[in-house]
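Chemist: This is the structure I have questions about; it appears just below.
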Amino acid sequence: MSCSKKKGACCSGGPKTYNVVMIRHGESEWNQKNLFCGWVNVDLSDRGKREAVSAGKALKDAGYRFDMAFSSVLKRANDTLYAILKEIGQEDIAIFKTWRLNERHYGGLTGLNKTDTVAKYGEQQVQIWRRSYDTPPPPITPENPYYDTILLDPIYNEGPPRNDFPMFESLELTIKRTLPYWNEWIVPEIKKGRKILIAAHGNSLRGIVKHLDQMSNEQIMQLNLPTGIPFKYTLDENMKPVQGGSLQFMGDPETVKKAMEEVANQGKSKK
Ligand SMILES: O=C(O)[C@@H](COP(=O)(O)O)OP(=O)(O)O
């Protein structure tokens with residue numbers, strides 16, 4: 001990127017490019033307990049709160065300023081966003097929250113421990129449920145202790161519509177509701193040169209990454225987004241990453257690698 005000071009649209013003589021910053025929320029209490037979480041509205045863990053503050057400091061040190069921010073309706077993502085905005089002294093910018101940026105709905109796996117689920121169904125099956133593109137988890141049923149917790153949560157009063165309320169989601173289904181929001185609400189703002197920050201979730205962001213990098217259904221299986229480490233895309237006017245503009249983590253590569261492995265290992269058996 002040739003113009004280092006301006007972090008939104010850049011056009012120092014060459015073709016216009018646009019930066020967009022995204023972050024998976026800091027570690028949640030259920031990430032810490034290794035539970036499938038999906039649409040349950042849990043808090044950040046203490047570590048997650050620290051990760052969010054560190055992310056804010058990293059963005060501040062790198063000189064980032066934002067015009068608007070987008071998040072899900074889940075507090076682990078919202079609280080990560082607020083912590084970042086506090087650090088960079090921009091608590092007053094416009095924030096747009098939507099269920100379309102929520103984590104995927106983990107269906108009948110919601111509330112189960114990931115390691116216990118591996119012990120019961122095997123690593124391969126859990127890997128398919130966690131990372132395959134189009135195999136959904138089983139649907140959530142009224143017997144699940146979190147069925148009503150999700151369905152009656154007022155954060156869903158404004159959507160999705162009751163007759164279309166998901167009972168499970170594969171990555172494919174997640175992308176089907178996330179991408180229209182990206183295209184209709186976020187892309188036009190990026191194209192206006194607005195500097196955008198998105199605080200969302202492991203799988204809603206994997207969907208956006210898959211779309212931007214045109215990854216195959218097999219390639220996206222390998223991607224595990226770490227908690228609390230911001231990443232940047234540099235896009236051309238067609239919203240395609242420029243050379244070297246994909247998934248640029250703002251963290252030391254060794255730390256990022258370890259954090260990604262940690263996420264992958266949540267679905268492995270205990271050694
Ligand atoms: O729902 C969950 O358990 C995690 C993702 O889990 P995996 O797909 O990594 O198992 O979502 P997040 O913490 O990003 O909101």
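Identifiers for the structure tokens are assigned positionally: chains receive A, B, ... in sequence, residues are indexed from 1 per chain, and ligands are indexed from 1 in the order shown.
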Which residues are near segment 60-68 of chain A? Cut-off 10 Å, only C-alpha atoms, ignore same chain within fewer than 3 positions. Put them as a ChimeraX atom specification.
Modeler: /A:4-8,20-21,54-57,84-85,87-90,92-96,186,189,193-198,250
Chemist: Please write out the residues within 6 Å of ligand 1 as a ChimeraX atom specification, counting only C-alpha atoms and all ligand atoms.
Modeler: /A:31,35-38,103,130,201-202,263
Chemist: Using 12 Å as the limit and counting only C-alpha atoms, can you tabulate each residue of segment 129-177 of chain A that touches segment 209-213 of chain A, with its shortest atom-to-atom distance in Å and the two atoms involved, as a Markdown table?
Modeler:
```
| residue | atom | partner | partner_atom | distance |
| --- | --- | --- | --- | --- |
| A:Tyr133 | CA | A:Lys210 | CA | 10.3 |
| A:Leu171 | CA | A:Lys210 | CA | 10.1 |
| A:Glu172 | CA | A:Lys210 | CA | 10.4 |
| A:Thr174 | CA | A:Lys210 | CA | 11.7 |
| A:Ile175 | CA | A:His211 | CA | 8.6 |
| A:Lys176 | CA | A:His211 | CA | 11.0 |
```
Chemist: Could the residues in this selection be saved with C-alpha atoms as a tab-separated table (two decimals), in the first residue's frame?
Modeler:
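Written file, selection.tsv:
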```
chain	number	residue	atom	x	y	z
A	133	TYR	CA	-18.82	-26.12	3.56
A	171	LEU	CA	-21.10	-22.52	6.36
A	172	GLU	CA	-22.98	-22.41	3.04
A	174	THR	CA	-24.28	-18.81	6.88
A	175	ILE	CA	-22.78	-17.27	3.73
A	176	LYS	CA	-26.28	-17.09	2.16
```
Chemist: Could you list, with a cut-off of 7 Å and counting only C-alpha atoms, the residues of segment 64-100 of chain A near segment 40-53 of chain A, each shown with its nearest atom pair and the distance in Å rounded to one decimal, rows sorted by chain and ascending number, as JSON lines?
Modeler:
```
{"residue": "A:Leu74", "atom": "CA", "partner": "A:Asn41", "partner_atom": "CA", "distance": 5.4}
{"residue": "A:Lys75", "atom": "CA", "partner": "A:Asn41", "partner_atom": "CA", "distance": 6.3}
{"residue": "A:Arg76", "atom": "CA", "partner": "A:Leu44", "partner_atom": "CA", "distance": 5.3}
{"residue": "A:Thr80", "atom": "CA", "partner": "A:Ala52", "partner_atom": "CA", "distance": 5.1}
{"residue": "A:Ala83", "atom": "CA", "partner": "A:Val53", "partner_atom": "CA", "distance": 5.6}
{"residue": "A:Ile84", "atom": "CA", "partner": "A:Val53", "partner_atom": "CA", "distance": 5.9}
{"residue": "A:Glu87", "atom": "CA", "partner": "A:Val53", "partner_atom": "CA", "distance": 6.7}
```
Chemist: Hey, what's within 10 Å of Leu151 of chain A if we count only C-alpha atoms and toss same-chain stuff fewer than 6 positions away? As a list in words, please?
Modeler: Trp39, Val40, Asn157, Arg162, Phe165, Pro166 and Met167 of chain A
